[in-house]
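Student: work.tsv is reproduced below (TSV, C-alpha atoms).
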```
chain	number	residue	atom	x	y	z
A	1	ILE	CA	-55.72	-6.72	-10.70
A	2	PRO	CA	-58.57	-4.18	-10.59
A	3	SER	CA	-60.86	-4.08	-7.56
A	4	ASN	CA	-63.80	-5.57	-9.51
A	5	ILE	CA	-61.86	-8.80	-10.24
A	6	SER	CA	-60.95	-11.42	-7.64
A	7	PHE	CA	-57.55	-13.10	-7.50
A	8	GLU	CA	-59.17	-16.39	-8.54
A	9	SER	CA	-60.92	-14.76	-11.50
A	10	ALA	CA	-57.63	-13.23	-12.60
A	11	ALA	CA	-55.98	-16.67	-12.46
A	12	THR	CA	-58.29	-17.88	-15.25
A	13	LEU	CA	-57.04	-15.26	-17.71
A	14	PRO	CA	-53.35	-15.58	-18.71
A	15	VAL	CA	-53.24	-18.65	-20.98
A	16	GLY	CA	-56.64	-18.00	-22.57
A	17	LEU	CA	-55.69	-14.43	-23.43
A	18	ALA	CA	-52.29	-15.51	-24.72
A	19	SER	CA	-53.82	-18.17	-26.95
A	20	GLY	CA	-56.50	-15.86	-28.29
A	21	LEU	CA	-54.25	-12.88	-28.93
A	22	ILE	CA	-51.29	-14.79	-30.36
A	23	GLY	CA	-53.36	-16.97	-32.68
A	24	LEU	CA	-55.50	-14.13	-33.99
A	25	TYR	CA	-53.36	-11.00	-33.85
A	26	LEU	CA	-49.69	-11.91	-34.02
A	27	PRO	CA	-48.24	-11.06	-37.46
A	28	GLU	CA	-47.86	-13.88	-39.94
A	29	PRO	CA	-46.52	-16.56	-40.01
A	30	HIS	CA	-46.96	-16.93	-36.22
A	31	GLY	CA	-50.57	-15.72	-36.16
A	32	ALA	CA	-53.40	-14.58	-38.41
A	33	GLY	CA	-52.08	-11.00	-38.48
A	34	LEU	CA	-55.31	-9.24	-37.53
A	35	VAL	CA	-55.28	-5.80	-35.90
A	36	PRO	CA	-55.65	-6.36	-32.12
A	37	PRO	CA	-58.55	-4.64	-30.30
A	38	LEU	CA	-56.41	-3.50	-27.38
A	39	GLU	CA	-56.59	0.11	-28.57
A	40	ALA	CA	-59.80	1.86	-29.56
A	41	ALA	CA	-58.64	2.02	-33.19
A	42	GLY	CA	-58.69	-1.77	-33.42
A	43	ARG	CA	-62.13	-2.26	-31.91
A	44	GLY	CA	-64.89	-2.97	-34.37
A	45	LYS	CA	-62.40	-3.13	-37.25
A	46	TYR	CA	-63.84	-6.37	-38.66
A	47	LYS	CA	-67.49	-5.38	-38.36
A	48	GLY	CA	-69.75	-7.64	-40.40
A	49	ALA	CA	-67.12	-10.36	-41.03
A	50	PRO	CA	-68.08	-13.87	-39.86
A	51	PHE	CA	-65.98	-15.65	-37.24
A	52	VAL	CA	-66.12	-19.37	-36.44
A	53	VAL	CA	-64.91	-21.07	-33.24
A	54	LEU	CA	-64.87	-24.88	-33.18
A	55	GLY	CA	-65.20	-26.42	-29.74
A	56	GLY	CA	-66.66	-23.43	-27.90
A	57	ALA	CA	-67.22	-25.18	-24.56
A	58	SER	CA	-65.50	-28.54	-24.98
A	59	ASN	CA	-62.92	-29.99	-22.58
A	60	VAL	CA	-60.19	-28.55	-24.78
A	61	GLY	CA	-62.14	-25.49	-25.81
A	62	GLN	CA	-63.07	-24.10	-22.44
A	63	ASN	CA	-62.51	-26.35	-19.47
A	64	GLY	CA	-59.25	-26.63	-17.66
A	65	MET	CA	-57.45	-26.97	-14.38
A	66	GLN	CA	-55.32	-24.11	-13.14
A	67	ALA	CA	-53.44	-23.40	-9.95
A	68	THR	CA	-53.85	-19.82	-8.83
A	69	PHE	CA	-50.15	-19.24	-9.33
A	70	MET	CA	-49.80	-20.80	-12.77
A	71	ALA	CA	-52.16	-21.24	-15.68
A	72	GLN	CA	-52.03	-24.54	-17.53
A	73	PRO	CA	-52.00	-24.77	-21.35
A	74	VAL	CA	-55.74	-25.02	-21.94
A	75	ILE	CA	-57.56	-22.88	-24.50
A	76	ASP	CA	-60.30	-20.71	-23.00
A	77	MET	CA	-62.79	-20.14	-25.77
A	78	SER	CA	-64.75	-17.61	-23.74
A	79	LEU	CA	-61.81	-15.23	-24.18
A	80	VAL	CA	-61.42	-15.97	-27.90
A	81	ILE	CA	-65.11	-15.18	-28.35
A	82	GLN	CA	-64.76	-11.95	-26.37
A	83	LEU	CA	-61.75	-10.86	-28.45
A	84	ALA	CA	-63.69	-11.58	-31.64
A	85	LYS	CA	-66.55	-9.45	-30.33
A	86	LEU	CA	-64.18	-6.60	-29.48
A	87	SER	CA	-62.82	-6.81	-33.03
A	88	GLY	CA	-66.34	-6.38	-34.38
A	89	PHE	CA	-66.78	-9.80	-35.98
A	90	SER	CA	-70.36	-10.77	-36.64
A	91	PRO	CA	-71.83	-13.31	-36.75
A	92	ILE	CA	-69.70	-15.16	-34.18
A	93	ILE	CA	-70.55	-18.83	-34.65
A	94	THR	CA	-69.35	-21.48	-32.22
A	95	THR	CA	-69.84	-25.19	-31.70
A	96	ALA	CA	-70.40	-26.29	-28.11
A	97	SER	CA	-72.39	-28.45	-25.74
A	98	PRO	CA	-75.99	-27.19	-25.94
A	99	HIS	CA	-76.21	-26.53	-22.17
A	100	ASN	CA	-73.42	-23.93	-22.49
A	101	GLY	CA	-75.22	-22.04	-25.23
A	102	GLU	CA	-76.72	-19.25	-23.13
A	103	TYR	CA	-73.42	-18.55	-21.39
A	104	LEU	CA	-71.52	-18.35	-24.68
A	105	LYS	CA	-74.15	-16.01	-26.12
A	106	SER	CA	-73.87	-13.80	-23.03
A	107	ILE	CA	-70.17	-13.17	-23.76
A	108	GLY	CA	-70.49	-12.55	-27.49
A	109	ALA	CA	-71.38	-15.62	-29.53
A	110	THR	CA	-74.32	-14.92	-31.84
A	111	HIS	CA	-74.96	-18.56	-32.77
A	112	VAL	CA	-74.17	-21.72	-30.80
A	113	LEU	CA	-74.44	-25.01	-32.68
A	114	ASP	CA	-74.39	-28.50	-31.17
A	115	ARG	CA	-70.82	-29.76	-31.50
A	116	ASN	CA	-72.14	-33.33	-31.94
A	117	THR	CA	-73.86	-32.45	-35.23
A	118	PRO	CA	-72.33	-34.30	-38.23
A	119	SER	CA	-69.71	-32.25	-40.07
A	120	SER	CA	-71.64	-32.10	-43.33
A	121	ALA	CA	-74.67	-30.63	-41.57
A	122	LEU	CA	-72.50	-28.20	-39.59
A	123	ILE	CA	-70.92	-26.92	-42.80
A	124	ASP	CA	-74.36	-26.24	-44.25
A	125	GLN	CA	-75.62	-24.54	-41.07
A	126	ILE	CA	-72.53	-22.37	-40.64
A	127	HIS	CA	-72.43	-21.26	-44.28
A	128	GLU	CA	-76.13	-20.36	-44.10
A	129	ILE	CA	-75.54	-18.24	-40.98
A	130	ALA	CA	-72.36	-16.62	-42.31
A	131	ALA	CA	-74.06	-15.65	-45.57
A	132	GLY	CA	-70.69	-15.03	-47.18
A	133	PRO	CA	-67.07	-16.23	-47.31
A	134	ILE	CA	-65.54	-17.22	-43.98
A	135	GLY	CA	-62.07	-15.79	-43.48
A	136	ILE	CA	-61.26	-16.92	-39.91
A	137	VAL	CA	-61.82	-20.29	-38.24
A	138	TYR	CA	-60.36	-20.86	-34.76
A	139	ASP	CA	-60.18	-24.57	-33.95
A	140	ALA	CA	-59.82	-24.94	-30.18
A	141	VAL	CA	-59.99	-28.72	-30.40
A	142	SER	CA	-57.75	-29.38	-33.42
A	143	PHE	CA	-58.44	-33.09	-33.68
A	144	SER	CA	-58.53	-34.61	-37.16
A	145	ASP	CA	-62.27	-34.15	-37.68
A	146	THR	CA	-62.39	-30.53	-36.50
A	147	GLN	CA	-59.32	-29.58	-38.54
A	148	LYS	CA	-60.95	-30.97	-41.69
A	149	LEU	CA	-64.21	-29.22	-40.82
A	150	GLY	CA	-62.44	-25.91	-40.24
A	151	PHE	CA	-60.43	-26.12	-43.45
A	152	ASN	CA	-63.54	-26.92	-45.47
A	153	LEU	CA	-65.40	-23.99	-43.92
A	154	LEU	CA	-62.84	-21.43	-45.11
A	155	GLY	CA	-63.44	-19.47	-48.26
A	156	ASP	CA	-60.83	-19.11	-51.00
A	157	VAL	CA	-58.88	-16.71	-48.75
A	158	GLY	CA	-58.58	-17.11	-45.00
A	159	SER	CA	-56.86	-18.58	-41.96
A	160	LEU	CA	-57.45	-21.78	-39.99
A	161	ILE	CA	-55.96	-21.34	-36.51
A	162	LEU	CA	-54.98	-24.58	-34.75
A	163	VAL	CA	-53.94	-25.31	-31.16
A	164	LEU	CA	-52.33	-28.61	-32.21
A	165	PRO	CA	-50.13	-29.45	-35.23
A	166	PRO	CA	-51.98	-29.98	-38.52
A	167	VAL	CA	-52.95	-33.56	-39.30
A	168	GLU	CA	-52.23	-35.32	-42.57
A	169	GLY	CA	-54.10	-33.69	-45.44
A	170	ILE	CA	-54.34	-30.26	-43.80
A	171	LYS	CA	-51.83	-28.12	-45.65
A	172	GLY	CA	-52.01	-24.38	-46.09
A	173	THR	CA	-51.53	-22.41	-49.28
A	174	ALA	CA	-50.56	-18.82	-49.97
A	175	SER	CA	-54.22	-17.76	-49.74
A	176	LYS	CA	-55.67	-20.41	-47.42
A	177	ARG	CA	-53.36	-20.38	-44.41
A	178	VAL	CA	-53.03	-22.95	-41.63
A	179	ILE	CA	-51.57	-21.47	-38.44
A	180	ASN	CA	-50.35	-23.61	-35.55
A	181	PHE	CA	-49.19	-21.11	-32.93
A	182	GLN	CA	-47.34	-21.30	-29.62
A	183	GLY	CA	-49.29	-19.51	-26.90
A	184	PHE	CA	-46.45	-18.24	-24.72
A	185	TRP	CA	-45.31	-14.67	-24.04
A	186	THR	CA	-41.71	-15.76	-23.40
A	187	LEU	CA	-40.90	-16.23	-27.08
A	188	PRO	CA	-39.03	-13.42	-28.88
A	189	HIS	CA	-41.77	-12.92	-31.48
A	190	THR	CA	-44.61	-12.79	-28.91
A	191	ARG	CA	-43.10	-10.44	-26.32
A	192	ALA	CA	-44.17	-7.12	-27.85
A	193	LEU	CA	-47.83	-8.16	-28.10
A	194	GLY	CA	-47.71	-9.47	-24.54
A	195	LEU	CA	-46.39	-6.18	-23.24
A	196	GLU	CA	-49.14	-4.33	-25.10
A	197	LEU	CA	-51.79	-6.62	-23.61
A	198	TYR	CA	-50.67	-6.21	-20.01
A	199	SER	CA	-50.39	-2.45	-20.37
A	200	LYS	CA	-54.10	-2.38	-21.29
A	201	LEU	CA	-55.54	-5.33	-19.38
A	202	THR	CA	-56.46	-3.52	-16.15
A	203	GLU	CA	-58.53	-1.00	-18.11
A	204	LEU	CA	-60.20	-3.73	-20.19
A	205	LEU	CA	-61.20	-5.60	-17.03
A	206	GLU	CA	-62.39	-2.47	-15.21
A	207	LYS	CA	-64.64	-1.56	-18.14
A	208	GLY	CA	-65.95	-5.11	-18.50
A	209	LEU	CA	-64.65	-5.39	-22.06
A	210	ILE	CA	-62.89	-8.59	-21.02
A	211	LYS	CA	-64.59	-10.87	-18.50
A	212	PRO	CA	-62.92	-13.81	-16.74
A	213	ASN	CA	-64.29	-17.30	-17.16
A	214	LYS	CA	-66.52	-19.07	-14.65
A	215	TYR	CA	-64.51	-21.04	-12.11
A	216	GLU	CA	-64.73	-23.47	-9.23
A	217	VAL	CA	-62.17	-23.65	-6.41
A	218	LEU	CA	-61.36	-27.22	-5.42
A	219	PRO	CA	-60.71	-27.86	-1.70
A	220	GLY	CA	-57.48	-29.24	-0.32
A	221	GLY	CA	-54.94	-27.13	-2.15
A	222	LEU	CA	-52.74	-29.14	-4.52
A	223	ASN	CA	-54.41	-32.33	-3.29
A	224	GLY	CA	-57.50	-31.16	-5.17
A	225	VAL	CA	-55.69	-31.59	-8.47
A	226	VAL	CA	-56.23	-35.34	-8.39
A	227	THR	CA	-59.97	-34.91	-7.88
A	228	GLY	CA	-60.12	-32.35	-10.66
A	229	VAL	CA	-58.27	-34.55	-13.13
A	230	GLU	CA	-60.60	-37.45	-12.38
A	231	ARG	CA	-63.63	-35.24	-12.97
A	232	LEU	CA	-62.17	-34.10	-16.29
A	233	LYS	CA	-61.52	-37.70	-17.33
A	234	ALA	CA	-65.11	-38.54	-16.49
A	235	ASN	CA	-66.35	-35.56	-18.55
A	236	GLN	CA	-67.96	-34.06	-15.45
A	237	VAL	CA	-66.76	-30.48	-16.07
A	238	SER	CA	-68.10	-28.17	-18.75
A	239	GLY	CA	-67.72	-24.45	-19.26
A	240	THR	CA	-65.90	-23.91	-15.95
A	241	LYS	CA	-62.26	-23.53	-14.91
A	242	LEU	CA	-61.10	-25.63	-12.00
A	243	LEU	CA	-58.77	-23.80	-9.62
A	244	VAL	CA	-56.72	-24.82	-6.60
A	245	ARG	CA	-55.10	-22.62	-3.94
A	246	PRO	CA	-51.61	-24.09	-3.31
A	247	LYS	CA	-51.39	-22.43	0.14
A	248	GLU	CA	-54.28	-24.60	1.31
A	249	THR	CA	-52.32	-27.83	0.78
A	250	ALA	CA	-52.23	-29.84	4.00
```
Reformat the file's structure so that it appears as structure tokens.
Tutor:
Amino acid sequence: IPSNISFESAATLPVGLASGLIGLYLPEPHGAGLVPPLEAAGRGKYKGAPFVVLGGASNVGQNGMQATFMAQPVIDMSLVIQLAKLSGFSPIITTASPHNGEYLKSIGATHVLDRNTPSSALIDQIHEIAAGPIGIVYDAVSFSDTQKLGFNLLGDVGSLILVLPPVEGIKGTASKRVINFQGFWTLPHTRALGLELYSKLTELLEKGLIKPNKYEVLPGGLNGVVTGVERLKANQVSGTKLLVRPKETA
């Protein structure tokens, strides 16, 4: 962990980076097969290509609860957006709660649309912004409605990346792929990319090319998990990771 990053900030990174990198950059059929931006040669490679993230700051898309010793399986869209920026994608269009718009723009999103907008209107807005075929849609929510929205946004050739299994009616073709990945570095086909990431991560953090998510530390150690879960159920958390320090458990 570099000196400019706290232990708590570092705890927000592992699962979000795994999900972003594996879904986008792992070779097909396990990922979209893009060139990762971990080396300078991969940065800016997709300049001018539109990139769409569905659920930019939703409970699935960005919020989560993590212990400082173990990240839980929650997709951190702030890291997906940052990876897309490193790869040169533009515009980077995301759907999110309006109050998270400025934060998402500060880390790389060029356009933030209200996630509560009807799908038909979102399709029109996104296509107008993209001004061309959309080749990558990352669905961080992957419920039935967002999967259908994402699939309909794709051009004739492209990839829809899902964090949950495809629902009925969402079926990929040879040119219009549907990718449901597993975001773990312990799998045989993910290990090499994971090793590459962690050999470069300190430098990326030191240079500010990757920035950890916002977080809040809950008091009471593991006892704070109950409070955090209740807040999530009540939709009282948005755009922030909830952390606990196990050593503080009474």
Student: List every residue of region 150-204 of chain A that has an atom at most 12 Å from any atom of region 6-20 of chain A, and for each one report the closest atom pair and its distance in Å to one decimal, counting only C-alpha atoms, with rows sorted by chain and then by increasing residue number, as JSON lines.
Tutor:
```
{"residue": "A:Ile161", "atom": "CA", "partner": "A:Gly20", "partner_atom": "CA", "distance": 9.9}
{"residue": "A:Leu162", "atom": "CA", "partner": "A:Ser19", "partner_atom": "CA", "distance": 10.2}
{"residue": "A:Val163", "atom": "CA", "partner": "A:Ser19", "partner_atom": "CA", "distance": 8.3}
{"residue": "A:Leu164", "atom": "CA", "partner": "A:Ser19", "partner_atom": "CA", "distance": 11.8}
{"residue": "A:Asn180", "atom": "CA", "partner": "A:Ser19", "partner_atom": "CA", "distance": 10.8}
{"residue": "A:Phe181", "atom": "CA", "partner": "A:Ser19", "partner_atom": "CA", "distance": 8.1}
{"residue": "A:Gln182", "atom": "CA", "partner": "A:Ser19", "partner_atom": "CA", "distance": 7.7}
{"residue": "A:Gly183", "atom": "CA", "partner": "A:Ser19", "partner_atom": "CA", "distance": 4.7}
{"residue": "A:Phe184", "atom": "CA", "partner": "A:Ala18", "partner_atom": "CA", "distance": 6.4}
{"residue": "A:Trp185", "atom": "CA", "partner": "A:Ala18", "partner_atom": "CA", "distance": 7.1}
{"residue": "A:Thr186", "atom": "CA", "partner": "A:Ala18", "partner_atom": "CA", "distance": 10.7}
{"residue": "A:Leu187", "atom": "CA", "partner": "A:Ala18", "partner_atom": "CA", "distance": 11.7}
{"residue": "A:Thr190", "atom": "CA", "partner": "A:Ala18", "partner_atom": "CA", "distance": 9.2}
{"residue": "A:Arg191", "atom": "CA", "partner": "A:Ala18", "partner_atom": "CA", "distance": 10.6}
{"residue": "A:Leu193", "atom": "CA", "partner": "A:Ala18", "partner_atom": "CA", "distance": 9.2}
{"residue": "A:Gly194", "atom": "CA", "partner": "A:Ala18", "partner_atom": "CA", "distance": 7.6}
{"residue": "A:Leu195", "atom": "CA", "partner": "A:Ala18", "partner_atom": "CA", "distance": 11.1}
{"residue": "A:Glu196", "atom": "CA", "partner": "A:Ala18", "partner_atom": "CA", "distance": 11.6}
{"residue": "A:Leu197", "atom": "CA", "partner": "A:Leu17", "partner_atom": "CA", "distance": 8.7}
{"residue": "A:Tyr198", "atom": "CA", "partner": "A:Pro14", "partner_atom": "CA", "distance": 9.8}
{"residue": "A:Leu201", "atom": "CA", "partner": "A:Leu17", "partner_atom": "CA", "distance": 10.0}
{"residue": "A:Thr202", "atom": "CA", "partner": "A:Ala10", "partner_atom": "CA", "distance": 10.4}
```
Student: Box for region 160-174 of chain A - axis-aligned, 3 Å on each of the six sides, all listed atoms - centre and size in Å to one decimal, as lines of an AutoDock Vina configuration file.
Tutor:
```
center_x = -53.8
center_y = -27.1
center_z = -40.6
size_x = 13.3
size_y = 22.5
size_z = 24.8
```
Student: Could you name the residues that touch Ile210 (chain A) at 7 Å or less, counting only C-alpha atoms, but leaving out those on the same chain fewer than 3 positions away, as a list in words?
Tutor: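 What passes the distance filter is Gln82, Leu204 and Leu205 of chain A.
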Student: Please determine, counting only C-alpha atoms, which residue among A:Pro165, A:Gly208, A:Gly132, A:Gly108 has the shortest atom-to-atom distance to Pro50 (chain A).
Tutor: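 Checking each of A:Pro165, A:Gly208, A:Gly132, A:Gly108 against Pro50 (chain A), counting only C-alpha atoms, the winner is A:Gly132.
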Student: Smallest atom-to-atom distance to Pro29 (chain A): which of A:Lys233, A:His189, A:Arg245, A:Lys47, using only C-alpha atoms?
Tutor: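 Smallest separation from Pro29 (chain A) among the options: A:His189.
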Student: Tell me which of A:Leu26, A:Ala40, A:Ala250, A:Leu153 sits closest to Ser119 (chain A), counting all atoms listed in the file.
Tutor: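 Looking only at the distances to Ser119 (chain A), the closest residue turns out to be A:Leu153.
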Student: Need the shell around Tyr103 (chain A): protein/DNA/RNA residues with any atom at most 10 Å away, counting all atoms listed in the file. Skip same-chain ones fewer than 4 positions apart. Format as a list of chain:residue names?
Tutor: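 Counting all atoms listed in the file, the residues come to A:Ala57, A:Ser78, A:His99, A:Ile107, A:Gly108, A:Ala109, A:Val112, A:Lys214, A:Gly239.
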Student: What would region 91-102 of chain A look like with all heavy atoms in place, written as a short mmCIF file (atom, residue, chain, number, x, y, z; two decimals), keeping the file's coordinate frame?
Tutor:
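Result saved to rebuild.cif:
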```cif
data_model
loop_
_atom_site.label_atom_id
_atom_site.label_comp_id
_atom_site.auth_asym_id
_atom_site.auth_seq_id
_atom_site.Cartn_x
_atom_site.Cartn_y
_atom_site.Cartn_z
N PRO A 91 -71.49 -12.51 -37.92
CA PRO A 91 -71.83 -13.31 -36.75
C PRO A 91 -70.62 -14.02 -36.16
O PRO A 91 -69.64 -14.27 -36.85
CB PRO A 91 -72.84 -14.31 -37.30
CG PRO A 91 -72.44 -14.48 -38.74
CD PRO A 91 -71.98 -13.12 -39.18
N ILE A 92 -70.70 -14.33 -34.86
CA ILE A 92 -69.70 -15.16 -34.18
C ILE A 92 -70.36 -16.50 -33.92
O ILE A 92 -71.28 -16.61 -33.10
CB ILE A 92 -69.22 -14.52 -32.87
CG1 ILE A 92 -68.54 -13.17 -33.16
CG2 ILE A 92 -68.27 -15.45 -32.12
CD1 ILE A 92 -68.18 -12.38 -31.91
N ILE A 93 -69.91 -17.51 -34.65
CA ILE A 93 -70.55 -18.83 -34.65
C ILE A 93 -69.64 -19.81 -33.93
O ILE A 93 -68.46 -19.92 -34.27
CB ILE A 93 -70.79 -19.31 -36.10
CG1 ILE A 93 -71.53 -18.24 -36.91
CG2 ILE A 93 -71.57 -20.63 -36.11
CD1 ILE A 93 -71.41 -18.43 -38.41
N THR A 94 -70.17 -20.52 -32.95
CA THR A 94 -69.35 -21.48 -32.22
C THR A 94 -70.07 -22.81 -32.09
O THR A 94 -71.30 -22.87 -32.07
CB THR A 94 -68.97 -20.95 -30.83
OG1 THR A 94 -68.10 -21.87 -30.19
CG2 THR A 94 -70.18 -20.73 -29.96
N THR A 95 -69.29 -23.88 -32.00
CA THR A 95 -69.84 -25.19 -31.70
C THR A 95 -69.56 -25.49 -30.23
O THR A 95 -68.49 -25.18 -29.73
CB THR A 95 -69.21 -26.28 -32.58
OG1 THR A 95 -67.79 -26.30 -32.37
CG2 THR A 95 -69.50 -26.03 -34.05
N ALA A 96 -70.53 -26.08 -29.55
CA ALA A 96 -70.40 -26.29 -28.11
C ALA A 96 -71.43 -27.29 -27.64
O ALA A 96 -72.32 -27.72 -28.40
CB ALA A 96 -70.60 -24.96 -27.38
N SER A 97 -71.33 -27.68 -26.38
CA SER A 97 -72.39 -28.45 -25.74
C SER A 97 -73.61 -27.55 -25.60
O SER A 97 -73.49 -26.39 -25.19
CB SER A 97 -71.94 -28.91 -24.35
OG SER A 97 -70.80 -29.74 -24.43
N PRO A 98 -74.80 -28.04 -25.96
CA PRO A 98 -75.99 -27.19 -25.94
C PRO A 98 -76.23 -26.49 -24.60
O PRO A 98 -76.69 -25.34 -24.57
CB PRO A 98 -77.12 -28.17 -26.28
CG PRO A 98 -76.46 -29.22 -27.11
CD PRO A 98 -75.09 -29.38 -26.51
N HIS A 99 -75.91 -27.15 -23.47
CA HIS A 99 -76.21 -26.53 -22.17
C HIS A 99 -75.32 -25.33 -21.88
O HIS A 99 -75.59 -24.58 -20.94
CB HIS A 99 -76.11 -27.56 -21.04
CG HIS A 99 -74.73 -28.05 -20.77
ND1 HIS A 99 -74.18 -29.13 -21.41
CD2 HIS A 99 -73.77 -27.58 -19.92
CE1 HIS A 99 -72.95 -29.34 -20.97
NE2 HIS A 99 -72.66 -28.40 -20.08
N ASN A 100 -74.26 -25.12 -22.66
CA ASN A 100 -73.42 -23.93 -22.49
C ASN A 100 -73.81 -22.79 -23.43
O ASN A 100 -73.16 -21.74 -23.44
CB ASN A 100 -71.95 -24.29 -22.73
CG ASN A 100 -71.37 -25.08 -21.59
OD1 ASN A 100 -71.53 -24.74 -20.43
ND2 ASN A 100 -70.69 -26.18 -21.92
N GLY A 101 -74.86 -23.00 -24.21
CA GLY A 101 -75.22 -22.04 -25.23
C GLY A 101 -75.52 -20.64 -24.70
O GLY A 101 -75.03 -19.65 -25.23
N GLU A 102 -76.34 -20.56 -23.65
CA GLU A 102 -76.72 -19.25 -23.13
C GLU A 102 -75.52 -18.49 -22.58
O GLU A 102 -75.40 -17.27 -22.77
CB GLU A 102 -77.80 -19.40 -22.05
CG GLU A 102 -79.15 -19.82 -22.60
CD GLU A 102 -79.64 -18.91 -23.71
OE1 GLU A 102 -79.60 -17.67 -23.52
OE2 GLU A 102 -80.05 -19.43 -24.77
#
```
